[in-house]
>>> print(open('run-v4.cif').read())   # mmCIF, C-alpha atoms
data_query
loop_
_atom_site.label_atom_id
_atom_site.label_comp_id
_atom_site.auth_asym_id
_atom_site.auth_seq_id
_atom_site.Cartn_x
_atom_site.Cartn_y
_atom_site.Cartn_z
CA MET Q 1 -34.31 -12.57 22.19
CA LYS Q 2 -32.90 -9.66 24.13
CA SER Q 3 -35.28 -7.52 26.15
CA LEU Q 4 -35.79 -3.77 25.81
CA ASP Q 5 -33.78 -3.24 29.01
CA GLU Q 6 -30.85 -5.18 27.62
CA PHE Q 7 -31.07 -3.21 24.37
CA VAL Q 8 -31.02 0.09 26.24
CA GLU Q 9 -27.91 -1.04 28.11
CA LEU Q 10 -26.14 -2.09 24.88
CA PHE Q 11 -27.21 1.15 23.21
CA ALA Q 12 -25.77 3.21 26.08
CA GLU Q 13 -22.45 1.34 25.85
CA GLN Q 14 -21.83 2.92 22.43
CA PHE Q 15 -21.39 6.34 24.02
CA GLU Q 16 -18.12 7.44 25.55
CA GLU Q 17 -19.01 10.64 27.36
CA THR Q 18 -22.73 10.25 28.00
CA ASP Q 19 -23.43 8.49 31.28
CA ALA Q 20 -25.46 5.31 30.90
CA SER Q 21 -27.91 6.59 33.50
CA GLU Q 22 -28.89 9.38 31.09
CA ILE Q 23 -30.17 6.87 28.56
CA THR Q 24 -33.54 5.17 28.99
CA ALA Q 25 -36.06 3.57 26.64
CA ALA Q 26 -37.79 6.95 26.30
CA THR Q 27 -34.62 8.92 25.45
CA VAL Q 28 -34.89 10.94 22.25
CA PHE Q 29 -31.43 9.85 21.19
CA HIS Q 30 -30.93 12.25 18.27
CA ASP Q 31 -31.07 15.07 20.86
CA LEU Q 32 -28.20 13.69 22.94
CA GLU Q 33 -25.22 15.99 22.71
CA GLU Q 34 -22.83 13.15 21.92
CA TRP Q 35 -25.04 11.60 19.23
CA SER Q 36 -23.26 11.67 15.85
CA SER Q 37 -23.12 9.69 12.67
CA LEU Q 38 -20.13 7.82 14.12
CA ILE Q 39 -22.05 6.75 17.23
CA GLY Q 40 -24.76 5.70 14.77
CA LEU Q 41 -22.27 3.35 13.09
CA SER Q 42 -21.37 1.87 16.47
CA VAL Q 43 -25.06 1.25 17.12
CA VAL Q 44 -25.41 -0.41 13.71
CA ALA Q 45 -22.40 -2.64 14.50
CA MET Q 46 -23.84 -3.55 17.91
CA VAL Q 47 -27.23 -4.44 16.38
CA ASP Q 48 -25.48 -6.56 13.75
CA GLU Q 49 -23.50 -8.44 16.40
CA GLU Q 50 -26.24 -8.89 18.98
CA PHE Q 51 -29.30 -9.32 16.75
CA GLU Q 52 -27.87 -10.21 13.34
CA VAL Q 53 -29.95 -7.40 11.87
CA ALA Q 54 -28.58 -5.02 9.22
CA LEU Q 55 -29.97 -1.57 10.04
CA LYS Q 56 -30.22 1.14 7.41
CA GLY Q 57 -29.76 4.86 7.70
CA ASP Q 58 -33.51 5.40 7.49
CA ASP Q 59 -34.07 3.05 10.44
CA LEU Q 60 -31.96 5.33 12.62
CA LYS Q 61 -33.47 8.48 11.14
CA ASN Q 62 -37.06 7.35 11.60
CA SER Q 63 -36.63 6.20 15.19
CA VAL Q 64 -37.28 8.88 17.78
CA THR Q 65 -36.67 7.07 21.06
CA VAL Q 66 -34.40 4.19 21.96
CA GLU Q 67 -37.52 2.05 22.29
CA ASP Q 68 -38.55 2.94 18.72
CA LEU Q 69 -35.21 1.67 17.50
CA TYR Q 70 -35.56 -1.50 19.58
CA ASN Q 71 -38.95 -2.14 17.97
CA THR Q 72 -37.47 -1.59 14.51
CA VAL Q 73 -34.72 -4.10 15.25
CA ILE Q 74 -37.17 -6.67 16.65
CA ALA Q 75 -39.36 -6.34 13.55
CA LYS Q 76 -36.36 -7.28 11.40
CA VAL Q 77 -35.14 -10.27 13.39
CA MET V 1 -24.49 -19.50 -7.16
CA ALA V 2 -21.70 -17.27 -8.32
CA PHE V 3 -18.70 -19.46 -7.54
CA LEU V 4 -15.78 -19.81 -9.93
CA ASP V 5 -12.68 -22.00 -9.83
CA PHE V 6 -9.84 -21.21 -12.24
CA LYS V 7 -7.17 -23.88 -12.35
CA ASP V 8 -3.80 -23.53 -14.11
CA VAL V 9 -3.56 -19.76 -13.66
CA ARG V 10 -1.25 -17.70 -11.51
CA ILE V 11 -0.89 -14.09 -10.44
CA ALA V 12 2.51 -13.32 -11.89
CA GLY V 13 2.87 -9.86 -10.42
CA VAL V 14 1.33 -6.77 -8.87
CA SER V 15 2.30 -3.09 -8.98
CA ALA V 16 0.74 0.19 -7.94
CA GLY V 17 1.02 3.81 -9.05
CA VAL V 18 0.09 6.84 -6.95
CA PRO V 19 0.53 10.59 -7.36
CA ASN V 20 3.69 11.85 -5.63
CA ARG V 21 1.69 14.57 -3.87
CA ILE V 22 0.64 13.80 -0.31
CA ALA V 23 -2.47 15.43 1.13
CA SER V 24 -2.38 15.32 4.92
CA ASN V 25 -5.54 15.03 6.96
CA LEU V 26 -3.70 16.40 10.00
CA HIS V 27 -3.00 19.59 8.06
CA PRO V 28 -6.02 20.03 5.81
CA THR V 29 -6.08 22.91 3.36
CA ALA V 30 -8.99 25.07 2.20
CA ASP V 31 -9.31 22.48 -0.57
CA ASP V 32 -10.25 19.63 1.79
CA LYS V 33 -13.75 18.90 2.99
CA ILE V 34 -13.08 18.23 6.69
CA SER V 35 -16.26 18.45 8.74
CA SER V 36 -16.20 21.16 11.39
CA ASP V 37 -17.58 18.54 13.84
CA TYR V 38 -14.12 17.04 14.26
CA SER V 39 -10.62 18.26 14.84
CA PRO V 40 -8.11 16.91 12.27
CA GLU V 41 -6.73 14.58 14.99
CA GLU V 42 -10.20 13.19 15.73
CA TYR V 43 -10.86 12.72 12.03
CA VAL V 44 -7.67 10.70 11.61
CA LYS V 45 -8.42 8.63 14.71
CA THR V 46 -11.95 7.73 13.67
CA THR V 47 -11.43 7.12 9.94
CA GLY V 48 -7.92 5.68 10.13
CA VAL V 49 -6.79 7.88 7.24
CA LYS V 50 -3.81 10.12 8.10
CA GLU V 51 -2.98 11.07 4.55
CA ARG V 52 -3.67 10.12 0.98
CA ARG V 53 -2.32 10.82 -2.48
CA SER V 54 -3.98 13.48 -4.58
CA SER V 55 -3.53 15.07 -7.97
CA ASP V 56 -5.50 17.40 -10.18
CA ALA V 57 -3.52 16.42 -13.25
CA LEU V 58 -3.27 12.62 -13.22
CA THR V 59 -6.05 10.24 -14.22
CA THR V 60 -6.46 6.58 -13.34
CA ALA V 61 -5.03 5.75 -16.76
CA ASP V 62 -1.86 7.79 -16.05
CA LEU V 63 -1.23 6.02 -12.75
CA GLY V 64 -2.13 2.65 -14.25
CA TYR V 65 0.17 3.23 -17.20
CA TYR V 66 3.25 3.81 -15.00
CA ALA V 67 2.32 0.92 -12.72
CA ALA V 68 2.01 -1.35 -15.77
CA GLU V 69 5.32 -0.21 -17.29
CA ARG V 70 7.10 -0.97 -14.01
CA LEU V 71 5.44 -4.36 -13.65
CA ILE V 72 6.14 -5.41 -17.24
CA ALA V 73 9.81 -4.45 -16.75
CA ASP V 74 10.06 -6.25 -13.38
CA LEU V 75 8.45 -9.38 -14.85
CA GLY V 76 10.60 -9.28 -17.94
CA TRP V 77 7.52 -9.77 -20.09
CA GLU V 78 7.67 -8.90 -23.76
CA LYS V 79 4.92 -6.44 -24.57
CA ASN V 80 3.85 -8.34 -27.66
CA GLU V 81 3.15 -11.40 -25.47
CA ILE V 82 0.36 -9.53 -23.66
CA GLU V 83 -2.82 -10.65 -25.35
CA ALA V 84 -5.43 -8.84 -23.31
CA LEU V 85 -5.73 -5.61 -21.35
CA ILE V 86 -8.66 -5.10 -18.99
CA PHE V 87 -9.18 -1.69 -17.43
CA VAL V 88 -11.50 -1.61 -14.41
CA SER V 89 -12.39 1.80 -12.99
CA GLN V 90 -15.18 4.28 -12.44
CA SER V 91 -13.03 7.18 -13.57
CA HIS V 92 -12.39 6.59 -17.25
CA ASP V 93 -10.45 9.12 -19.32
CA TYR V 94 -13.42 9.69 -21.63
CA ILE V 95 -17.10 8.76 -21.75
CA LEU V 96 -15.97 7.11 -24.95
CA PRO V 97 -13.71 5.53 -26.19
CA ALA V 98 -12.78 2.87 -23.66
CA THR V 99 -9.66 3.74 -21.68
CA ALA V 100 -8.29 0.21 -22.26
CA CYS V 101 -7.96 1.11 -25.97
CA ILE V 102 -5.96 4.23 -25.13
CA LEU V 103 -3.74 2.22 -22.79
CA GLN V 104 -3.12 -0.41 -25.49
CA ASP V 105 -1.62 2.35 -27.63
CA ARG V 106 0.19 4.14 -24.82
CA LEU V 107 1.78 0.93 -23.54
CA GLY V 108 2.68 -0.06 -27.08
CA LEU V 109 0.91 -3.40 -26.90
CA ASN V 110 0.31 -5.48 -29.98
CA LYS V 111 -2.75 -4.55 -32.03
CA GLU V 112 -3.71 -8.22 -31.77
CA CYS V 113 -4.97 -7.33 -28.30
CA TYR V 114 -8.28 -7.95 -26.56
CA ALA V 115 -9.04 -4.75 -24.62
CA PHE V 116 -12.09 -3.38 -22.83
CA ASP V 117 -13.20 -1.41 -19.76
CA GLY V 118 -15.15 -2.74 -16.83
CA SER V 119 -17.06 -0.22 -14.76
CA ILE V 120 -17.21 -1.29 -11.14
CA GLY V 121 -15.79 0.20 -7.95
CA CYS V 122 -14.51 -1.29 -4.73
CA SER V 123 -15.11 -4.87 -5.88
CA GLY V 124 -13.26 -4.08 -9.13
CA TRP V 125 -10.00 -5.90 -8.55
CA VAL V 126 -11.63 -9.24 -7.71
CA TYR V 127 -14.05 -8.89 -10.63
CA GLY V 128 -11.28 -7.92 -13.01
CA LEU V 129 -9.07 -10.74 -11.84
CA SER V 130 -11.76 -13.34 -12.41
CA THR V 131 -12.45 -11.98 -15.89
CA ALA V 132 -8.74 -12.03 -16.70
CA ALA V 133 -8.39 -15.58 -15.37
CA SER V 134 -11.31 -16.74 -17.52
CA LEU V 135 -9.40 -15.74 -20.67
CA LEU V 136 -6.46 -18.00 -19.84
CA GLY V 137 -6.02 -21.66 -20.62
CA GLU V 138 -4.89 -24.28 -23.08
CA GLY V 139 -6.00 -23.02 -26.47
CA LYS V 140 -6.79 -19.63 -24.94
CA MET V 141 -4.60 -16.70 -23.94
CA LYS V 142 -1.41 -17.01 -21.92
CA LYS V 143 -0.72 -13.54 -20.52
CA VAL V 144 -3.23 -10.90 -19.48
CA LEU V 145 -2.86 -7.49 -17.84
CA LEU V 146 -5.45 -5.98 -15.48
CA ILE V 147 -5.25 -2.28 -14.68
CA CYS V 148 -7.59 -1.03 -12.04
CA GLY V 149 -8.11 1.82 -9.65
CA ASP V 150 -9.65 5.25 -9.34
CA ALA V 151 -8.21 8.73 -9.58
CA LYS V 152 -10.79 11.30 -10.24
CA LYS V 153 -10.01 14.70 -11.59
CA ARG V 154 -12.68 16.88 -10.10
CA PHE V 155 -14.98 19.49 -11.39
CA ARG V 156 -13.56 22.65 -9.91
CA ILE V 157 -15.69 25.51 -8.85
CA PRO V 158 -13.74 28.06 -6.82
CA GLY V 159 -14.43 27.56 -3.12
CA SER V 160 -16.49 24.44 -3.49
CA LEU V 161 -16.34 20.80 -4.62
CA LEU V 162 -13.58 20.07 -2.20
CA ARG V 163 -11.52 16.93 -1.86
CA ASP V 164 -13.01 14.22 0.30
CA PRO V 165 -10.31 13.37 2.86
CA LEU V 166 -11.33 9.70 3.01
CA PHE V 167 -10.43 8.95 -0.61
CA GLY V 168 -7.05 8.71 -2.29
CA CYS V 169 -5.92 8.30 -5.89
CA ALA V 170 -4.26 5.07 -7.00
CA ALA V 171 -4.16 2.63 -9.88
CA THR V 172 -2.64 -0.81 -9.99
CA ALA V 173 -1.46 -3.33 -12.54
CA THR V 174 -1.85 -7.07 -12.07
CA ALA V 175 -0.31 -9.65 -14.39
CA ILE V 176 -2.11 -12.98 -14.69
CA GLU V 177 -0.79 -15.89 -16.70
CA TYR V 178 -1.56 -19.43 -17.73
CA ALA V 179 0.55 -21.85 -15.68
CA LYS V 180 -0.18 -25.55 -15.96
CA GLY V 181 -0.46 -27.29 -12.60
CA GLU V 182 -1.20 -24.19 -10.50
CA ALA V 183 -4.02 -24.45 -7.94
CA GLY V 184 -5.33 -21.20 -9.39
CA ILE V 185 -7.97 -18.84 -8.07
CA GLN V 186 -11.23 -19.65 -6.28
CA CYS V 187 -13.92 -17.00 -6.24
CA HIS V 188 -17.31 -16.04 -4.86
CA PHE V 189 -19.29 -13.09 -6.20
CA GLY V 190 -22.52 -11.31 -5.37
CA THR V 191 -24.63 -8.30 -6.35
CA ASP V 192 -27.52 -6.35 -4.83
CA GLY V 193 -28.63 -3.60 -7.19
CA SER V 194 -31.48 -2.62 -4.88
CA GLY V 195 -28.74 -0.64 -3.13
CA PHE V 196 -27.84 1.20 -6.36
CA ASP V 197 -28.21 4.60 -4.71
CA ALA V 198 -26.18 3.79 -1.58
CA ILE V 199 -23.19 5.28 -3.45
CA ILE V 200 -24.06 7.23 -6.58
CA ILE V 201 -23.19 10.17 -8.82
CA PRO V 202 -26.69 11.22 -9.90
CA ASP V 203 -25.94 13.22 -13.08
CA GLY V 204 -23.69 12.74 -16.06
CA GLY V 205 -24.84 9.33 -17.30
CA SER V 206 -27.67 8.53 -19.68
CA ARG V 207 -30.39 8.28 -17.03
CA SER V 208 -29.84 11.86 -15.98
CA PRO V 209 -27.47 13.54 -18.44
CA ILE V 210 -25.43 16.54 -17.41
CA ASN V 211 -27.63 19.64 -17.57
CA PRO V 212 -27.50 23.29 -16.49
CA HIS V 213 -28.54 22.32 -12.94
CA SER V 214 -25.99 19.55 -12.47
CA LEU V 215 -23.67 21.91 -10.62
CA ASP V 216 -26.37 23.50 -8.44
CA PHE V 217 -26.05 22.63 -4.79
CA GLU V 218 -28.79 20.81 -2.93
CA ASP V 219 -29.14 19.58 0.61
CA VAL V 220 -28.18 15.92 0.94
CA GLU V 221 -28.53 14.71 4.53
CA GLY V 222 -27.37 18.07 5.80
CA LYS V 223 -24.52 18.45 3.32
CA GLN V 224 -24.47 20.80 0.34
CA MET V 225 -23.71 18.72 -2.74
CA CYS V 226 -24.17 19.00 -6.47
CA ARG V 227 -25.35 16.19 -8.71
CA MET V 228 -21.91 15.52 -10.19
CA GLU V 229 -20.47 14.56 -6.80
CA THR V 230 -20.44 11.10 -5.30
CA ARG V 231 -23.04 10.85 -2.56
CA MET V 232 -23.06 8.07 -0.07
CA LYS V 233 -25.58 6.72 2.43
CA GLY V 234 -22.95 6.11 5.09
CA VAL V 235 -24.98 3.96 7.47
CA ASP V 236 -26.35 1.76 4.68
CA VAL V 237 -22.88 1.19 3.26
CA PHE V 238 -21.43 0.44 6.68
CA SER V 239 -24.21 -2.02 7.44
CA PHE V 240 -23.74 -3.66 4.03
CA GLY V 241 -19.97 -3.96 4.45
CA ILE V 242 -19.91 -5.49 7.91
CA THR V 243 -22.55 -8.09 7.01
CA THR V 244 -21.66 -8.94 3.41
CA ALA V 245 -17.87 -9.17 3.47
CA PRO V 246 -17.66 -11.77 6.29
CA LYS V 247 -20.48 -13.76 4.69
CA SER V 248 -18.74 -13.82 1.32
CA VAL V 249 -15.48 -15.07 2.87
CA ARG V 250 -17.36 -17.80 4.73
CA LYS V 251 -19.32 -18.81 1.62
CA CYS V 252 -16.14 -19.07 -0.45
CA ALA V 253 -14.53 -21.25 2.25
CA GLU V 254 -17.59 -23.48 2.60
CA HIS V 255 -18.07 -23.94 -1.13
CA PHE V 256 -14.45 -24.83 -1.84
CA GLY V 257 -13.99 -26.76 1.40
CA PHE V 258 -11.17 -24.91 3.11
CA ASP V 259 -10.73 -23.37 6.54
CA TYR V 260 -10.40 -19.66 5.92
CA LEU V 261 -8.41 -19.25 9.14
CA ASP V 262 -5.55 -21.15 7.49
CA ALA V 263 -4.88 -18.27 5.10
CA ASP V 264 -1.75 -16.17 5.66
CA TYR V 265 -3.20 -12.83 4.62
CA PHE V 266 -6.70 -11.37 4.50
CA ILE V 267 -6.88 -8.28 2.38
CA PHE V 268 -10.13 -6.40 2.41
CA HIS V 269 -11.09 -3.41 0.38
CA GLN V 270 -9.84 -0.47 2.44
CA ALA V 271 -13.18 1.21 3.14
CA ASN V 272 -12.59 2.91 6.49
CA MET V 273 -11.04 1.74 9.71
CA LYS V 274 -14.25 1.24 11.64
CA MET V 275 -15.76 -0.96 8.95
CA ASN V 276 -12.61 -2.98 8.36
CA ASN V 277 -12.01 -3.57 12.07
CA MET V 278 -15.56 -4.83 12.43
CA ILE V 279 -15.18 -7.21 9.48
CA ALA V 280 -11.95 -8.66 10.89
CA LYS V 281 -13.52 -9.00 14.31
CA LYS V 282 -16.54 -10.87 12.93
CA LEU V 283 -14.27 -13.35 11.15
CA LYS V 284 -12.08 -13.62 14.29
CA LEU V 285 -8.93 -12.77 12.34
CA PRO V 286 -5.66 -12.02 14.13
CA GLU V 287 -4.53 -8.46 13.48
CA GLU V 288 -1.17 -9.44 11.96
CA LYS V 289 -2.93 -11.32 9.16
CA VAL V 290 -4.99 -8.31 8.09
CA PRO V 291 -2.67 -5.70 6.54
CA SER V 292 -4.03 -2.25 5.84
CA CYS V 293 -2.80 0.72 3.84
CA MET V 294 -5.59 3.19 4.50
CA TYR V 295 -3.50 5.13 7.05
CA CYS V 296 -1.25 6.42 4.24
CA PHE V 297 -3.44 6.08 1.16
CA GLY V 298 -7.09 6.34 2.26
CA ASN V 299 -9.85 4.50 0.45
CA THR V 300 -8.57 3.92 -3.09
CA SER V 301 -11.59 2.09 -4.53
CA SER V 302 -10.67 -0.89 -6.73
CA ALA V 303 -6.93 -0.24 -6.22
CA SER V 304 -7.08 -0.83 -2.48
CA ILE V 305 -6.41 -4.59 -2.38
CA PRO V 306 -3.39 -4.69 -4.75
CA LEU V 307 -2.09 -1.40 -3.27
CA THR V 308 -2.13 -3.06 0.16
CA ILE V 309 -0.08 -5.95 -1.25
CA VAL V 310 2.45 -3.50 -2.72
CA SER V 311 2.71 -1.15 0.25
CA GLU V 312 2.43 -3.61 3.15
CA LEU V 313 3.55 -7.04 1.97
CA ARG V 314 6.34 -6.48 -0.52
CA GLY V 315 9.21 -8.82 0.33
CA LYS V 316 7.19 -11.15 2.58
CA CYS V 317 4.35 -12.51 0.49
CA GLU V 318 5.84 -13.59 -2.83
CA ASN V 319 6.00 -17.33 -2.27
CA GLY V 320 3.71 -19.92 -0.76
CA LYS V 321 1.40 -17.47 0.98
CA GLN V 322 -2.31 -18.08 0.87
CA PHE V 323 -4.34 -14.92 0.29
CA ILE V 324 -8.02 -14.27 0.83
CA CYS V 325 -9.08 -10.95 -0.71
CA CYS V 326 -12.54 -9.43 -0.50
CA GLY V 327 -13.78 -6.35 -2.33
CA PHE V 328 -17.17 -4.80 -1.57
CA GLY V 329 -18.96 -1.55 -2.22
CA VAL V 330 -20.69 0.58 -4.83
CA GLY V 331 -23.26 -1.38 -6.84
CA LEU V 332 -23.82 -2.89 -4.41
CA SER V 333 -21.28 -5.45 -5.48
CA TRP V 334 -18.87 -7.82 -3.76
CA GLY V 335 -16.47 -10.67 -4.35
CA THR V 336 -13.96 -12.85 -2.52
CA ILE V 337 -11.02 -14.66 -4.05
CA ARG V 338 -8.47 -17.11 -2.72
CA PHE V 339 -5.07 -17.80 -4.26
CA THR V 340 -1.60 -18.88 -3.16
CA SER V 341 1.43 -16.91 -4.29
CA ASN V 342 4.10 -18.68 -6.31
CA ASN V 343 7.04 -16.52 -7.31
CA MET V 344 4.77 -13.48 -7.50
CA ILE V 345 6.58 -10.27 -8.42
CA VAL V 346 5.59 -7.33 -6.24
CA SER V 347 6.98 -4.10 -7.67
CA ASP V 348 8.12 -1.13 -5.66
CA LEU V 349 5.50 1.61 -5.30
CA VAL V 350 5.53 3.85 -8.38
CA GLU V 351 5.18 7.56 -7.61
CA VAL V 352 3.96 9.67 -10.51
CA ASP V 353 4.44 13.41 -10.98
CA ASP V 354 1.75 15.70 -12.39
CA SER V 355 4.06 16.44 -15.33
CA GLN V 356 3.78 12.79 -16.42
CA ALA V 357 0.11 13.00 -17.41
CA ASP V 358 -0.78 11.67 -20.88
CA LYS V 359 -0.24 14.37 -23.49
CA LYS V 360 -0.78 12.27 -26.58
CA HIS V 361 -4.33 11.03 -26.08
CA VAL V 362 -5.84 14.45 -25.57
CA VAL V 363 -8.31 16.17 -27.84
#
>>> encode(input="run-v4.cif", output="structure tokens")
Amino acid sequence: MKSLDEFVELFAEQFEETDASEITAATVFHDLEEWSSLIGLSVVAMVDEEFEVALKGDDLKNSVTVEDLYNTVIAKV
Amino acid sequence: MAFLDFKDVRIAGVSAGVPNRIASNLHPTADDKISSDYSPEEYVKTTGVKERRSSDALTTADLGYYAAERLIADLGWEKNEIEALIFVSQSHDYILPATACILQDRLGLNKECYAFDGSIGCSGWVYGLSTAASLLGEGKMKKVLLICGDAKKRFRIPGSLLRDPLFGCAATATAIEYAKGEAGIQCHFGTDGSGFDAIIIPDGGSRSPINPHSLDFEDVEGKQMCRMETRMKGVDVFSFGITTAPKSVRKCAEHFGFDYLDADYFIFHQANMKMNNMIAKKLKLPEEKVPSCMYCFGNTSSASIPLTIVSELRGKCENGKQFICCGFGVGLSWGTIRFTSNNMIVSDLVEVDDSQADKKHVV
């Protein structure tokens, strides 16, 4: 099982313009300037590949921080 | 388990009809719903749809009619040999009667004809094909026509209800016939109706009939939409597509004991580029085996698989090529089929003008 730190790193890789150093477990990701529905799809694809978990739109919507999303993913593994 | 194996049947031919009008996503008009978040170039890059065909006059039945006429001529079939006509679409000409009945008359098929509509979307071609194949056999029918696709004339309210730049209009005709000794078609199907609202038009059916508020706008995930428009939970559909399509291909291969990587062509429903790239990547498919037509035609619902054959493979796929085709989407519904071409006729793309809309079957 991947750790929270690994998840944060994978999450940050989905962004093109946002520097990885700007993204931590506590980041409120919906507030990031680059966050968009398309980045959301990249995150869903990453979670599918790395965790074999199928996220739903509500999972993204209801997660505030990157750590929240990690916990949602872990609960579905 | 929803596996089916139809021996002694063959896909005799495929054709596709599209409106002759091109709507460009690089040069959107006031009629196109392009989000202000993206430039037209960015939209094309991320969705993979540069342009699509559009018409306010032609219905699925119009496009399907011309595709069928071309295919019947190219095959050299006699119309009175066609014993069944299946029309699969989610844009029927009327709530009732069935569009297949209208097409029987318009095509001039024999009245001794089995005809009905199937209502299913992006998985429509694989569903329709399996239904058509099930009618064929010794002591059963010999020649069946499947018409499927989507071309939706829209409600028009000035300044609103714009065209969605992801979707294009197209309808296709597929001829399936009994042919003793053919390896036939192997299929896997699945359904998950718990996702019924992942893609839905809320009003206009029996559950929520059209009413004075059906055209009122409401906020749907930040977009203003009325209840007669198709609404989609984009993330849910994406997640469904990238997990279900590869699984269905693998299940079909496991059940029927073949290595899917041996196939010559993998044709997936043309959903959007991001989803289709992900599906191909998960199955480790080489790019040259995965043709796509969404760049020029967009997402064309149940027409997308046969339209890809017509637009991308004509002249190189007619003989001895093994196909794996997977449709998935609204329902949620999915299906995978495998077949090998044997003297399959692939007609030239049929372009239809607005003036060619049906004038006889109008009330």
>>> interface_residues(input="run-v4.cif", of="chain V", to="chain Q", cutoff="8 Å", atoms="only C-alpha atoms", output="count of residues only")
10
>>> resolve_selection(input="run-v4.cif", expression="the PyMOL selection byres ((chain V and resi 91) around 12)", output="ChimeraX atom specification")
/V:58-64,87-90,92-96,98-99,117-121,148-154,169-171,201,230,300-302
>>> axis_aligned_box(input="run-v4.cif", around="segment 307-318 of chain V", padding_each_side="4 Å", output="lines of an AutoDock Vina configuration file")
center_x = 3.5
center_y = -7.4
center_z = -0.1
size_x = 19.3
size_y = 20.4
size_z = 14.4
>>> closest_residue(input="run-v4.cif", among="Q:Lys61, Q:Ala75, Q:Val8, Q:Phe51", to="Ala26 of chain Q", atoms="all atoms listed in the file")
Q:Val8
>>> residues_around(input="run-v4.cif", residues="segment 21-23 of chain Q", least_positions_apart="2", cutoff="9 Å", atoms="only C-alpha atoms", output="PyMOL selection string")
chain Q and resi 8-9+11-12+18-19+25-29+66
>>> resolve_selection(input="run-v4.cif", expression="the PyMOL selection byres ((chain V and resi 326) around 9)", output="VMD selection string")
chain V and resid 123 126 245 to 246 248 to 249 266 to 269 305 324 to 325 327 to 328 334 to 338
>>> atom_distance(input="run-v4.cif", atom1="atom CA of Lys2 of chain Q", atom2="atom CA of Gln14 of chain Q")
16.8 Å
>>> resolve_selection(input="run-v4.cif", expression="the PyMOL selection byres ((chain V and resi 357) around 7)", output="list in words")
Ala57, Leu58, Asp62, Asp354, Ser355, Gln356, Asp358 and Lys359 of chain V
>>> atom_distance(input="run-v4.cif", atom1="atom CA of Gly139 of chain V", atom2="atom CA of Ala179 of chain V")
12.7 Å
>>> atom_distance(input="run-v4.cif", atom1="atom CA of Leu162 of chain V", atom2="atom CA of Tyr43 of chain V")
16.2 Å
>>> residues_near_point(input="run-v4.cif", point="(-7.6, -2.6, -20.4)", cutoff="12 Å", atoms="only C-alpha atoms", output="PyMOL selection string")
chain V and resi 60-61+64-65+68+82-89+92+97-107+109+113-119+128-129+131-132+144-149+172-175
>>> closest_residue(input="run-v4.cif", among="V:Thr46, V:Ser39, V:Ser292, V:Thr191", to="Thr308 of chain V", atoms="only C-alpha atoms")
V:Ser292
>>> residues_around(input="run-v4.cif", residues="segment 197-199 of chain V", least_positions_apart="4", cutoff="6 Å", atoms="only C-alpha atoms", output="compact mmCIF listing (two decimals) with C-alpha atoms, in the frame of the given file")
# COMPACT_ATOMS: atom_id res chain seq x y z
CA ARG V 231 -23.04 10.85 -2.56
CA MET V 232 -23.06 8.07 -0.07
CA LYS V 233 -25.58 6.72 2.43
CA VAL V 330 -20.69 0.58 -4.83
>>> residues_around(input="run-v4.cif", residues="Ser15 of chain V", least_positions_apart="4", cutoff="10 Å", atoms="all atoms listed in the file", output="PyMOL selection string")
chain V and resi 64+66-72+74+147+171-175+306-307+309-311+314+345-350
>>> closest_residue(input="run-v4.cif", among="Q:Leu32, Q:Glu50, Q:Val64, Q:Val73", to="Phe15 of chain Q", atoms="all atoms listed in the file")
Q:Leu32
>>> residues_around(input="run-v4.cif", residues="Glu288 of chain V", least_positions_apart="5", cutoff="12 Å", atoms="only C-alpha atoms", output="list in words")
Ala263, Asp264, Tyr265, Phe266, Ile267, Ala280, Glu312 and Leu313 of chain V
>>> residues_around(input="run-v4.cif", residues="segment 2-10 of chain V", least_positions_apart="3", cutoff="7 Å", atoms="only C-alpha atoms", output="list in words")
Ala133, Ile176, Glu177, Tyr178, Ala179, Lys180, Gly181, Glu182, Ala183, Gly184, Ile185, Gln186, Cys187, His188, Phe189 and Gly190 of chain V
>>> residues_near_point(input="run-v4.cif", point="(-9.6, 4.1, 4.2)", cutoff="9 Å", atoms="all atoms listed in the file", output="number ranges by chain")
V: 47-49, 166-168, 269-273, 276, 292-300, 304
